[in-house]
>>> print(open('final-v6.txt').read())   # compact mmCIF, C-alpha atoms
# COMPACT_ATOMS: atom_id res chain seq x y z
CA MET A 226 285.56 106.91 0.94
CA ASP A 227 282.89 108.45 3.11
CA TRP A 228 284.37 106.83 6.15
CA ILE A 229 287.72 108.55 5.50
CA ALA A 230 285.97 111.94 5.19
CA GLY A 231 284.03 111.26 8.40
CA PHE A 232 287.20 110.16 10.20
CA LEU A 233 289.10 113.27 9.09
CA ASP A 234 286.11 115.44 10.07
CA ASN A 235 286.17 113.91 13.56
CA ILE A 236 289.91 114.51 13.85
CA LEU A 237 289.46 118.14 12.76
CA SER A 238 286.61 118.56 15.24
CA PHE A 239 288.83 117.15 18.00
CA PHE A 240 291.68 119.52 17.21
CA GLN A 241 289.23 122.44 16.94
CA TRP A 242 287.90 121.57 20.41
CA ILE A 243 291.47 121.48 21.78
CA TRP A 244 292.21 124.84 20.13
CA ASP A 245 289.02 126.38 21.55
CA PHE A 246 289.87 125.07 25.01
CA LEU A 247 293.41 126.42 24.84
CA SER A 248 292.33 129.81 23.51
CA SER A 249 289.32 130.52 25.74
CA GLY A 250 288.57 127.49 27.90
CA ILE A 251 291.66 127.78 30.07
CA TYR A 252 290.83 131.41 30.87
CA LEU A 253 287.30 130.48 31.92
CA PHE A 254 288.55 127.49 33.89
CA VAL A 255 291.16 129.52 35.77
CA LYS A 256 288.63 132.29 36.39
CA GLU A 257 286.10 129.84 37.85
CA VAL A 258 288.78 128.25 40.05
CA LEU A 259 289.87 131.65 41.36
CA VAL A 260 286.27 132.66 42.06
CA LEU A 261 285.76 129.40 43.96
CA LEU A 262 288.96 129.87 45.96
CA THR A 263 287.93 133.44 46.81
CA LYS A 264 284.55 132.24 48.04
CA VAL A 265 286.21 129.58 50.19
CA ALA A 266 288.64 132.13 51.65
CA ILE A 267 285.87 134.60 52.48
CA TYR A 268 283.70 131.89 54.03
CA SER A 269 286.62 130.64 56.12
CA TRP A 270 287.50 134.16 57.26
CA ILE A 271 283.89 134.84 58.30
CA SER A 272 283.72 131.50 60.13
CA VAL A 273 286.92 132.29 62.04
CA GLN A 274 285.59 135.75 62.92
CA ILE A 275 282.35 134.28 64.27
CA MET A 276 284.24 131.65 66.27
CA ALA A 277 286.58 134.29 67.71
CA LEU A 278 283.65 136.49 68.64
CA ASP A 279 281.98 133.56 70.40
CA VAL A 280 285.17 132.81 72.33
CA ALA A 281 285.64 136.47 73.24
CA TYR A 282 282.03 136.81 74.37
CA SER A 283 282.33 133.72 76.59
CA ALA A 284 285.57 134.99 78.09
CA ALA A 285 284.10 138.45 78.66
CA GLN A 286 281.05 137.04 80.39
CA SER A 287 283.27 134.92 82.60
CA ILE A 288 285.45 137.92 83.49
CA LEU A 289 282.42 140.07 84.26
CA SER A 290 280.94 137.41 86.52
CA ASP A 291 284.29 136.89 88.28
CA ILE A 292 284.71 140.60 88.92
CA GLY A 293 281.12 140.94 90.10
CA VAL A 294 279.99 143.73 87.80
CA SER A 295 276.43 142.43 87.50
CA GLU A 296 276.05 142.15 91.27
CA ALA A 297 277.31 145.71 91.73
CA ILE A 298 274.88 146.98 89.13
CA ARG A 299 272.01 145.09 90.75
CA ALA A 300 272.96 146.52 94.16
CA LYS A 301 273.03 150.07 92.79
CA TRP A 302 269.79 149.47 90.90
CA SER A 303 267.99 148.30 94.03
CA GLY A 304 269.17 151.46 95.80
CA LEU A 305 267.23 153.67 93.37
CA PRO A 306 263.83 155.05 94.36
CA ALA A 307 260.90 153.04 93.01
CA GLU A 308 259.65 155.82 90.70
CA VAL A 309 263.08 156.29 89.11
CA ALA A 310 263.62 152.54 88.72
CA SER A 311 260.22 152.03 87.09
CA THR A 312 260.77 154.97 84.73
CA LEU A 313 264.19 153.65 83.71
CA SER A 314 262.72 150.16 83.27
CA PHE A 315 260.00 151.61 81.06
CA PHE A 316 262.62 153.06 78.72
CA GLY A 317 264.64 149.82 78.75
CA ILE A 318 267.71 151.21 80.49
CA PRO A 319 268.56 147.91 82.27
CA GLN A 320 268.65 146.03 78.97
CA ALA A 321 270.66 148.84 77.37
CA LEU A 322 273.21 148.74 80.20
CA ASN A 323 273.48 144.97 79.83
CA ILE A 324 274.12 145.29 76.08
CA ILE A 325 276.66 148.09 76.58
CA PHE A 326 278.64 146.25 79.26
CA SER A 327 278.63 143.03 77.22
CA ALA A 328 279.82 144.88 74.12
CA LEU A 329 282.58 146.74 75.95
CA SER A 330 283.89 143.63 77.66
CA THR A 331 283.73 141.60 74.44
CA ARG A 332 285.63 144.32 72.60
CA PHE A 333 288.24 144.37 75.35
CA VAL A 334 288.71 140.61 75.19
CA LEU A 335 288.86 140.65 71.37
CA LYS A 336 292.00 142.77 71.60
CA PHE A 337 293.79 139.74 73.01
CA VAL A 338 292.78 137.38 70.18
CA PRO A 339 295.76 137.07 67.79
CA PHE A 340 295.29 138.30 64.21
CA LEU A 341 291.73 139.45 64.95
CA GLY A 342 291.87 141.99 67.74
CA ARG A 343 293.37 145.12 66.30
>>> encode(input="final-v6.txt", output="structure tokens")
Amino acid sequence: MDWIAGFLDNILSFFQWIWDFLSSGIYLFVKEVLVLLTKVAIYSWISVQIMALDVAYSAAQSILSDIGVSEAIRAKWSGLPAEVASTLSFFGIPQALNIIFSALSTRFVLKFVPFLGR
């Protein structure tokens, strides 16, 4: 008779497990799946943004070199008096100009990237 009581106890435990899964397990399962899908979507969006920025930066650098902006800046820079050029170099103005022109051209090119350039 003990085996019948053990068998019925196992059946009741099985149905209790099913009931617990249906009452709270499905909620937790769906929640974990949605969290995972959200993480994947955010990671994909960030990856696409980084790829688009890389493409835009490459295109902007190509456009700037084709137009000859850097050569014009170098020509104007060499026309400055030595004292002024050394003072501006001390404060990092050439690097700042390079960063500014790269940022402006990259921003301009990003406007032409679909769904990303607003």
>>> residues_around(input="final-v6.txt", residues="Phe337 in chain A", least_positions_apart="6", cutoff="12 Å", atoms="all atoms listed in the file", output="ChimeraX atom specification")
/A:277-278,280-281,284-285,330-331,343
>>> residues_around(input="final-v6.txt", residues="Leu289 in chain A", least_positions_apart="3", cutoff="12 Å", atoms="only C-alpha atoms", output="list in words")
Tyr282, Ser283, Ala284, Ala285, Gln286, Ile292, Gly293, Val294, Ser295, Glu296, Ala297, Ile298, Asn323, Phe326, Ser327, Ala328, Leu329, Ser330, Thr331, Phe333 and Val334 of chain A
>>> write_last_selection(input="final-v6.txt", atoms="C-alpha atoms", output="short mmCIF file (atom, residue, chain, number, x, y, z; two decimals), in the coordinates of the input")
data_model
loop_
_atom_site.label_atom_id
_atom_site.label_comp_id
_atom_site.auth_asym_id
_atom_site.auth_seq_id
_atom_site.Cartn_x
_atom_site.Cartn_y
_atom_site.Cartn_z
CA TYR A 282 282.03 136.81 74.37
CA SER A 283 282.33 133.72 76.59
CA ALA A 284 285.57 134.99 78.09
CA ALA A 285 284.10 138.45 78.66
CA GLN A 286 281.05 137.04 80.39
CA ILE A 292 284.71 140.60 88.92
CA GLY A 293 281.12 140.94 90.10
CA VAL A 294 279.99 143.73 87.80
CA SER A 295 276.43 142.43 87.50
CA GLU A 296 276.05 142.15 91.27
CA ALA A 297 277.31 145.71 91.73
CA ILE A 298 274.88 146.98 89.13
CA ASN A 323 273.48 144.97 79.83
CA PHE A 326 278.64 146.25 79.26
CA SER A 327 278.63 143.03 77.22
CA ALA A 328 279.82 144.88 74.12
CA LEU A 329 282.58 146.74 75.95
CA SER A 330 283.89 143.63 77.66
CA THR A 331 283.73 141.60 74.44
CA PHE A 333 288.24 144.37 75.35
CA VAL A 334 288.71 140.61 75.19
#
>>> atom_distance(input="final-v6.txt", atom1="CA of Gly317 in chain A", atom2="CA of Ser287 in chain A")
24.2 Å
>>> atom_distance(input="final-v6.txt", atom1="CA of Ile275 in chain A", atom2="CA of Leu322 in chain A")
23.4 Å
>>> atom_distance(input="final-v6.txt", atom1="CA of Leu247 in chain A", atom2="CA of Leu233 in chain A")
21.0 Å
>>> closest_residue(input="final-v6.txt", among="A:Val338, A:Phe254, A:Phe246, A:Ala307", to="Gln274 in chain A", atoms="only C-alpha atoms")
A:Val338
>>> build_atoms(input="final-v6.txt", residues="range 232-248 of chain A", atoms="N, CA and C atoms", output="short mmCIF file (atom, residue, chain, number, x, y, z; two decimals), in the frame of the given file")
data_model
loop_
_atom_site.label_atom_id
_atom_site.label_comp_id
_atom_site.auth_asym_id
_atom_site.auth_seq_id
_atom_site.Cartn_x
_atom_site.Cartn_y
_atom_site.Cartn_z
N PHE A 232 286.09 110.30 9.25
CA PHE A 232 287.20 110.16 10.20
C PHE A 232 288.01 111.45 10.28
N LEU A 233 288.34 112.02 9.11
CA LEU A 233 289.10 113.27 9.09
C LEU A 233 288.29 114.43 9.69
N ASP A 234 286.97 114.41 9.47
CA ASP A 234 286.11 115.44 10.07
C ASP A 234 286.12 115.33 11.59
N ASN A 235 286.09 114.10 12.10
CA ASN A 235 286.17 113.91 13.56
C ASN A 235 287.52 114.36 14.12
N ILE A 236 288.58 114.08 13.40
CA ILE A 236 289.91 114.51 13.85
C ILE A 236 289.99 116.04 13.86
N LEU A 237 289.47 116.68 12.81
CA LEU A 237 289.46 118.14 12.76
C LEU A 237 288.60 118.73 13.87
N SER A 238 287.47 118.10 14.15
CA SER A 238 286.61 118.56 15.24
C SER A 238 287.33 118.44 16.58
N PHE A 239 288.07 117.34 16.76
CA PHE A 239 288.83 117.15 18.00
C PHE A 239 289.89 118.23 18.16
N PHE A 240 290.64 118.49 17.12
CA PHE A 240 291.68 119.52 17.21
C PHE A 240 291.08 120.92 17.36
N GLN A 241 289.91 121.15 16.76
CA GLN A 241 289.23 122.44 16.94
C GLN A 241 288.79 122.60 18.39
N TRP A 242 288.30 121.52 19.00
CA TRP A 242 287.90 121.57 20.41
C TRP A 242 289.11 121.86 21.29
N ILE A 243 290.24 121.22 21.02
CA ILE A 243 291.47 121.48 21.78
C ILE A 243 291.88 122.94 21.61
N TRP A 244 291.83 123.44 20.37
CA TRP A 244 292.21 124.84 20.13
C TRP A 244 291.28 125.80 20.87
N ASP A 245 289.98 125.53 20.84
CA ASP A 245 289.02 126.38 21.55
C ASP A 245 289.27 126.36 23.06
N PHE A 246 289.58 125.17 23.58
CA PHE A 246 289.87 125.07 25.01
C PHE A 246 291.13 125.85 25.36
N LEU A 247 292.16 125.72 24.55
CA LEU A 247 293.41 126.42 24.84
C LEU A 247 293.27 127.93 24.66
N SER A 248 292.44 128.37 23.75
CA SER A 248 292.33 129.81 23.51
C SER A 248 291.37 130.49 24.47
#
